[in-house]
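The next block is work_26.pdb, given as PDB, N, CA and C atoms and all ligand atoms.
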```pdb
MODEL        1
ATOM      1  N   MET S   1     -19.024  57.274  33.084
ATOM      2  CA  MET S   1     -19.217  57.534  31.648
ATOM      3  C   MET S   1     -20.541  56.932  31.190
ATOM      4  N   PRO S   2     -21.308  57.663  30.399
ATOM      5  CA  PRO S   2     -22.533  57.094  29.829
ATOM      6  C   PRO S   2     -22.178  56.126  28.696
ATOM      7  N   LEU S   3     -23.200  55.477  28.161
ATOM      8  CA  LEU S   3     -23.006  54.604  26.997
ATOM      9  C   LEU S   3     -22.381  55.406  25.853
ATOM     10  N   GLN S   4     -21.400  54.794  25.204
ATOM     11  CA  GLN S   4     -20.814  55.424  24.023
ATOM     12  C   GLN S   4     -20.723  54.396  22.900
ATOM     13  N   ILE S   5     -20.976  54.833  21.674
ATOM     14  CA  ILE S   5     -20.668  54.011  20.512
ATOM     15  C   ILE S   5     -19.733  54.826  19.636
ATOM     16  N   LEU S   6     -18.545  54.301  19.451
ATOM     17  CA  LEU S   6     -17.534  55.021  18.688
ATOM     18  C   LEU S   6     -17.367  54.357  17.329
ATOM     19  N   VAL S   7     -17.381  55.164  16.280
ATOM     20  CA  VAL S   7     -17.127  54.660  14.932
ATOM     21  C   VAL S   7     -15.759  55.161  14.493
ATOM     22  N   ASP S   8     -14.899  54.234  14.125
ATOM     23  CA  ASP S   8     -13.583  54.601  13.612
ATOM     24  C   ASP S   8     -13.758  55.055  12.161
ATOM     25  N   GLU S   9     -13.718  56.343  11.961
ATOM     26  CA  GLU S   9     -14.011  56.900  10.636
ATOM     27  C   GLU S   9     -12.942  56.553   9.603
ATOM     28  N   GLU S  10     -11.773  56.176  10.070
ATOM     29  CA  GLU S  10     -10.725  55.736   9.144
ATOM     30  C   GLU S  10     -11.080  54.384   8.528
ATOM     31  N   LYS S  11     -11.801  53.575   9.295
ATOM     32  CA  LYS S  11     -12.104  52.209   8.837
ATOM     33  C   LYS S  11     -13.505  52.082   8.236
ATOM     34  N   CYS S  12     -14.412  52.993   8.581
ATOM     35  CA  CYS S  12     -15.798  52.900   8.098
ATOM     36  C   CYS S  12     -15.859  53.126   6.593
ATOM     37  N   ILE S  13     -16.607  52.239   5.899
ATOM     38  CA  ILE S  13     -16.750  52.347   4.449
ATOM     39  C   ILE S  13     -18.150  52.819   4.042
ATOM     40  N   GLY S  14     -18.962  53.190   5.035
ATOM     41  CA  GLY S  14     -20.280  53.732   4.738
ATOM     42  C   GLY S  14     -21.248  52.732   4.125
ATOM     43  N   CYS S  15     -21.066  51.453   4.439
ATOM     44  CA  CYS S  15     -21.895  50.414   3.810
ATOM     45  C   CYS S  15     -23.334  50.411   4.327
ATOM     46  N   GLY S  16     -23.547  50.948   5.532
ATOM     47  CA  GLY S  16     -24.900  51.039   6.078
ATOM     48  C   GLY S  16     -25.400  49.781   6.770
ATOM     49  N   LYS S  17     -24.580  48.773   6.910
ATOM     50  CA  LYS S  17     -25.038  47.531   7.549
ATOM     51  C   LYS S  17     -25.398  47.742   9.019
ATOM     52  N   CYS S  18     -24.718  48.643   9.665
ATOM     53  CA  CYS S  18     -25.041  48.961  11.068
ATOM     54  C   CYS S  18     -26.470  49.471  11.168
ATOM     55  N   ALA S  19     -26.823  50.394  10.293
ATOM     56  CA  ALA S  19     -28.165  50.970  10.310
ATOM     57  C   ALA S  19     -29.216  49.956   9.848
ATOM     58  N   GLU S  20     -28.839  49.098   8.887
ATOM     59  CA  GLU S  20     -29.775  48.088   8.386
ATOM     60  C   GLU S  20     -30.228  47.144   9.499
ATOM     61  N   ILE S  21     -29.313  46.772  10.354
ATOM     62  CA  ILE S  21     -29.631  45.759  11.361
ATOM     63  C   ILE S  21     -30.146  46.356  12.663
ATOM     64  N   CYS S  22     -29.928  47.629  12.877
ATOM     65  CA  CYS S  22     -30.303  48.254  14.147
ATOM     66  C   CYS S  22     -31.820  48.431  14.248
ATOM     67  N   PRO S  23     -32.419  47.922  15.331
ATOM     68  CA  PRO S  23     -33.878  48.042  15.491
ATOM     69  C   PRO S  23     -34.350  49.484  15.602
ATOM     70  N   LYS S  24     -33.494  50.388  15.986
ATOM     71  CA  LYS S  24     -33.878  51.793  16.136
ATOM     72  C   LYS S  24     -33.063  52.688  15.215
ATOM     73  N   ALA S  25     -32.730  52.146  14.061
ATOM     74  CA  ALA S  25     -31.798  52.820  13.165
ATOM     75  C   ALA S  25     -32.143  54.274  12.867
ATOM     76  N   ALA S  26     -33.409  54.534  12.615
ATOM     77  CA  ALA S  26     -33.781  55.884  12.181
ATOM     78  C   ALA S  26     -33.462  56.926  13.238
ATOM     79  N   LYS S  27     -33.490  56.505  14.489
ATOM     80  CA  LYS S  27     -33.220  57.459  15.564
ATOM     81  C   LYS S  27     -31.757  57.483  15.961
ATOM     82  N   ILE S  28     -31.024  56.416  15.623
ATOM     83  CA  ILE S  28     -29.654  56.300  16.126
ATOM     84  C   ILE S  28     -28.589  56.549  15.058
ATOM     85  N   TRP S  29     -28.809  56.047  13.835
ATOM     86  CA  TRP S  29     -27.739  56.090  12.836
ATOM     87  C   TRP S  29     -28.026  57.037  11.691
ATOM     88  N   LYS S  30     -26.990  57.698  11.242
ATOM     89  CA  LYS S  30     -27.042  58.441   9.992
ATOM     90  C   LYS S  30     -25.812  58.017   9.204
ATOM     91  N   VAL S  31     -26.040  57.394   8.048
ATOM     92  CA  VAL S  31     -24.909  56.871   7.290
ATOM     93  C   VAL S  31     -24.741  57.648   5.999
ATOM     94  N   GLY S  32     -23.623  58.304   5.871
ATOM     95  CA  GLY S  32     -23.247  58.958   4.622
ATOM     96  C   GLY S  32     -21.986  58.290   4.129
ATOM     97  N   SER S  33     -20.948  59.051   3.912
ATOM     98  CA  SER S  33     -19.682  58.430   3.524
ATOM     99  C   SER S  33     -19.089  57.654   4.705
ATOM    100  N   VAL S  34     -19.469  58.071   5.921
ATOM    101  CA  VAL S  34     -19.177  57.274   7.115
ATOM    102  C   VAL S  34     -20.426  57.270   7.994
ATOM    103  N   ALA S  35     -20.485  56.328   8.918
ATOM    104  CA  ALA S  35     -21.631  56.219   9.814
ATOM    105  C   ALA S  35     -21.447  57.156  11.005
ATOM    106  N   ARG S  36     -22.522  57.827  11.375
ATOM    107  CA  ARG S  36     -22.491  58.691  12.555
ATOM    108  C   ARG S  36     -23.653  58.359  13.479
ATOM    109  N   ILE S  37     -23.428  58.622  14.757
ATOM    110  CA  ILE S  37     -24.451  58.389  15.764
ATOM    111  C   ILE S  37     -25.248  59.673  15.983
ATOM    112  N   LEU S  38     -26.563  59.554  15.965
ATOM    113  CA  LEU S  38     -27.418  60.720  16.207
ATOM    114  C   LEU S  38     -27.794  60.832  17.682
ATOM    115  N   ASP S  39     -28.319  59.750  18.233
ATOM    116  CA  ASP S  39     -28.861  59.836  19.593
ATOM    117  C   ASP S  39     -28.884  58.438  20.206
ATOM    118  N   LEU S  40     -28.120  58.247  21.249
ATOM    119  CA  LEU S  40     -27.994  56.907  21.838
ATOM    120  C   LEU S  40     -29.057  56.598  22.890
ATOM    121  N   ARG S  41     -29.948  57.550  23.146
ATOM    122  CA  ARG S  41     -30.986  57.272  24.147
ATOM    123  C   ARG S  41     -31.866  56.094  23.728
ATOM    124  N   TYR S  42     -31.919  55.806  22.427
ATOM    125  CA  TYR S  42     -32.786  54.733  21.926
ATOM    126  C   TYR S  42     -32.054  53.406  21.803
ATOM    127  N   CYS S  43     -30.783  53.376  22.142
ATOM    128  CA  CYS S  43     -29.968  52.165  21.962
ATOM    129  C   CYS S  43     -30.239  51.162  23.077
ATOM    130  N   HIS S  44     -30.456  49.885  22.671
ATOM    131  CA  HIS S  44     -30.689  48.798  23.627
ATOM    132  C   HIS S  44     -29.396  48.068  23.966
ATOM    133  N   VAL S  45     -28.300  48.503  23.369
ATOM    134  CA  VAL S  45     -27.003  47.848  23.528
ATOM    135  C   VAL S  45     -27.099  46.365  23.158
ATOM    136  N   CYS S  46     -27.798  46.094  22.059
ATOM    137  CA  CYS S  46     -27.912  44.704  21.592
ATOM    138  C   CYS S  46     -26.610  44.249  20.919
ATOM    139  N   THR S  47     -25.773  45.190  20.526
ATOM    140  CA  THR S  47     -24.464  44.996  19.881
ATOM    141  C   THR S  47     -24.540  44.416  18.459
ATOM    142  N   LEU S  48     -25.746  44.349  17.892
ATOM    143  CA  LEU S  48     -25.881  43.822  16.532
ATOM    144  C   LEU S  48     -25.077  44.646  15.533
ATOM    145  N   CYS S  49     -25.098  45.955  15.710
ATOM    146  CA  CYS S  49     -24.378  46.832  14.769
ATOM    147  C   CYS S  49     -22.896  46.479  14.737
ATOM    148  N   ALA S  50     -22.315  46.322  15.916
ATOM    149  CA  ALA S  50     -20.882  46.029  15.989
ATOM    150  C   ALA S  50     -20.577  44.657  15.389
ATOM    151  N   MET S  51     -21.492  43.691  15.622
ATOM    152  CA  MET S  51     -21.268  42.345  15.085
ATOM    153  C   MET S  51     -21.411  42.329  13.567
ATOM    154  N   GLU S  52     -22.267  43.203  13.030
ATOM    155  CA  GLU S  52     -22.555  43.208  11.591
ATOM    156  C   GLU S  52     -21.501  43.976  10.789
ATOM    157  N   CYS S  53     -20.837  44.899  11.428
ATOM    158  CA  CYS S  53     -19.905  45.781  10.704
ATOM    159  C   CYS S  53     -18.774  44.981  10.044
ATOM    160  N   PRO S  54     -18.641  45.079   8.723
ATOM    161  CA  PRO S  54     -17.644  44.266   8.024
ATOM    162  C   PRO S  54     -16.209  44.721   8.276
ATOM    163  N   THR S  55     -16.032  45.952   8.707
ATOM    164  CA  THR S  55     -14.655  46.424   8.937
ATOM    165  C   THR S  55     -14.342  46.541  10.433
ATOM    166  N   ASP S  56     -15.270  46.066  11.254
ATOM    167  CA  ASP S  56     -15.037  45.998  12.691
ATOM    168  C   ASP S  56     -14.640  47.367  13.275
ATOM    169  N   CYS S  57     -15.366  48.386  12.857
ATOM    170  CA  CYS S  57     -14.958  49.738  13.270
ATOM    171  C   CYS S  57     -15.879  50.343  14.324
ATOM    172  N   ILE S  58     -16.855  49.542  14.828
ATOM    173  CA  ILE S  58     -17.767  50.060  15.852
ATOM    174  C   ILE S  58     -17.340  49.539  17.219
ATOM    175  N   LYS S  59     -17.123  50.464  18.129
ATOM    176  CA  LYS S  59     -16.736  50.077  19.486
ATOM    177  C   LYS S  59     -17.833  50.545  20.441
ATOM    178  N   ILE S  60     -18.396  49.603  21.191
ATOM    179  CA  ILE S  60     -19.451  49.926  22.152
ATOM    180  C   ILE S  60     -18.855  49.936  23.550
ATOM    181  N   ILE S  61     -19.015  51.054  24.218
ATOM    182  CA  ILE S  61     -18.499  51.181  25.586
ATOM    183  C   ILE S  61     -19.685  51.353  26.518
ATOM    184  N   ARG S  62     -19.921  50.358  27.328
ATOM    185  CA  ARG S  62     -21.061  50.394  28.246
ATOM    186  C   ARG S  62     -20.784  51.340  29.399
ATOM    187  N   PRO S  63     -21.837  51.857  30.018
ATOM    188  CA  PRO S  63     -21.627  52.751  31.137
ATOM    189  C   PRO S  63     -20.741  52.096  32.192
ATOM    190  N   GLY S  64     -19.764  52.844  32.654
ATOM    191  CA  GLY S  64     -18.865  52.319  33.681
ATOM    192  C   GLY S  64     -17.615  51.665  33.137
ATOM    193  N   GLU S  65     -17.624  51.328  31.817
ATOM    194  CA  GLU S  65     -16.429  50.713  31.216
ATOM    195  C   GLU S  65     -15.446  51.794  30.780
ATOM    196  N   GLU S  66     -14.198  51.428  30.733
ATOM    197  CA  GLU S  66     -13.162  52.345  30.248
ATOM    198  C   GLU S  66     -13.176  52.350  28.718
ATOM    199  N   ALA S  67     -12.884  53.489  28.134
ATOM    200  CA  ALA S  67     -12.828  53.584  26.658
ATOM    201  C   ALA S  67     -11.621  52.813  26.127
TER
HETATM  202  S1  LIG S 101     -26.335  48.270  19.942
HETATM  203 FE1  LIG S 101     -28.247  47.633  18.938
HETATM  204  S2  LIG S 101     -29.717  49.276  19.339
HETATM  205 FE2  LIG S 101     -27.675  50.082  19.812
HETATM  206  S3  LIG S 101     -27.015  51.108  17.939
HETATM  207 FE3  LIG S 101     -26.240  48.995  17.848
HETATM  208  S4  LIG S 101     -27.800  47.813  16.760
HETATM  209 FE4  LIG S 101     -28.724  49.758  17.407
HETATM  210  S1  LIG S 102     -21.414  48.726   9.250
HETATM  211 FE1  LIG S 102     -19.411  49.550   9.853
HETATM  212  S2  LIG S 102     -18.411  50.063   7.900
HETATM  213 FE2  LIG S 102     -20.600  49.849   7.486
HETATM  214  S3  LIG S 102     -21.415  51.945   7.683
HETATM  215 FE3  LIG S 102     -21.679  50.926   9.666
HETATM  216  S4  LIG S 102     -19.862  51.519  10.831
HETATM  217 FE4  LIG S 102     -19.413  51.920   8.671
ENDMDL
END
```

Please rewrite the model in this file as structure tokens.
Amino acid sequence: MPLQILVDEEKCIGCGKCAEICPKAAKIWKVGSVARILDLRYCHVCTLCAMECPTDCIKIIRPGEEA
């Protein structure tokens, strides 16, 4: 499995903190009423987005890990 970042849309409040802290936000995140991933090729897997999310709804699955 390639890198995946899953956003639990039931829990996401669209606050944009994931995109605010992400060094490559413009290429990776699009935040409307919920946050969506555009393109993970630019992700460094720094995990800042997941740590910053106030509702803990971002799950990062590294290549080779089980979902
Ligand atoms: S892990 Fe880092 S680079 Fe990847 S989306 Fe999250 S904040 Fe951005
Ligand atoms: S930080 Fe979490 S709750 Fe806020 S927009 Fe991003 S994914 Fe949604």

Quick one: everything within 10 Å of region 32-37 of chain S, counting only C-alpha atoms, minus sequence neighbours fewer than 4 positions away in the same chain. Send it as a list of chain:residue names.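 Everything that qualifies: S:Gln4, S:Ile5, S:Leu6, S:Val7, S:Asp8, S:Glu9, S:Glu10, S:Lys11, S:Cys12, S:Ile13, S:Gly14, S:Cys15, S:Gly16, S:Lys17, S:Cys18, S:Ala19, S:Ala25, S:Lys27, S:Ile28, S:Cys57, S:Ile58.
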
Would you mind listing, for every residue of chain S within 6.5 Å of ligand LIG 101 (chain S), the two atoms forming the shortest contact and the distance between them in Å to one decimal, using all atoms listed in the file, sorted by chain and ascending residue number, as a Markdown table?
```
| residue | atom | partner | partner_atom | distance |
| --- | --- | --- | --- | --- |
| S:Cys18 | C | S:LIG101 | S4 | 6.0 |
| S:Ile21 | C | S:LIG101 | S4 | 4.9 |
| S:Cys22 | CA | S:LIG101 | S4 | 3.6 |
| S:Pro23 | N | S:LIG101 | FE4 | 4.6 |
| S:Lys24 | N | S:LIG101 | FE4 | 5.0 |
| S:Ala25 | N | S:LIG101 | FE4 | 5.7 |
| S:Ile28 | CA | S:LIG101 | S3 | 6.1 |
| S:Tyr42 | C | S:LIG101 | S2 | 5.3 |
| S:Cys43 | CA | S:LIG101 | FE2 | 3.8 |
| S:His44 | N | S:LIG101 | S2 | 3.5 |
| S:Val45 | CA | S:LIG101 | S1 | 3.7 |
| S:Cys46 | N | S:LIG101 | S1 | 3.4 |
| S:Thr47 | N | S:LIG101 | S1 | 3.2 |
| S:Leu48 | N | S:LIG101 | S4 | 4.2 |
| S:Cys49 | N | S:LIG101 | S4 | 3.4 |
| S:Ala50 | N | S:LIG101 | FE3 | 5.1 |
```

Go ahead and compute the interatomic distance for atom C of Trp29 (chain S) and atom N of Arg62 (chain S), in Å to one decimal.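 So the two atoms, atom C of Trp29 (chain S) and atom N of Arg62 (chain S), lie 18.8 Å apart.
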
Residue neighbourhood Gly64 (chain S), 10 Å, only C-alpha atoms, exclusion window fewer than 6 positions, as a list of chain:residue names: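 Once the adjacent positions are removed, what remains is S:Met1, S:Pro2, S:Leu3.
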
So what do you get for CA of Asp56 (chain S) versus CA of Val31 (chain S), distance-wise?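 Taking CA of Asp56 (chain S) as the start and CA of Val31 (chain S) as the end point, the length is 15.6 Å.
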
Could you check how far CA of Glu20 (chain S) sits from CA of Glu66 (chain S), in Å to one decimal?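 Distance reported for this atom pair: 27.8 Å.
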
First collect every listed atom of ligand LIG 102 (chain S); then fit an axis-aligned box around them, widen it by 4 Å on each side, and give centre and edge lengths in Å to one decimal, as lines of an AutoDock Vina configuration file.
```
center_x = -20.0
center_y = 50.3
center_z = 9.2
size_x = 11.3
size_y = 11.2
size_z = 11.3
```

Enumerate, as a list in words, the complete set of residues in chain S that a backbone-based DSSP assignment places in alpha helix (DSSP H).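 Taking chain S and keeping alpha helix (DSSP H) only, one gets Lys17, Cys18, Ala19, Glu20, Ile21, Ala25, Ala26, Lys27, Ile28, Leu48, Cys49, Ala50, Met51 and Glu52 of chain S.
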
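Backbone DSSP over chain S yields strand (DSSP E) at Gln4, Ile5, Leu6, Val7, Trp29, Lys30, Val31, Ala35, Arg36, Ile37, Ile58, Lys59, Ile60 and Ile61 of chain S.
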
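The closest residue to ligand LIG 102 (chain S), picked from S:Lys59, S:Leu38, S:Glu65, S:Cys53 and counting all atoms listed in the file, is S:Cys53.
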
Choose the residue, out of S:Lys30, S:Ile60, S:Pro54, S:Asp39, that has the smallest atom-to-atom separation from ligand LIG 102 (chain S); count only N, CA and C atoms and all ligand atoms. S:Pro54
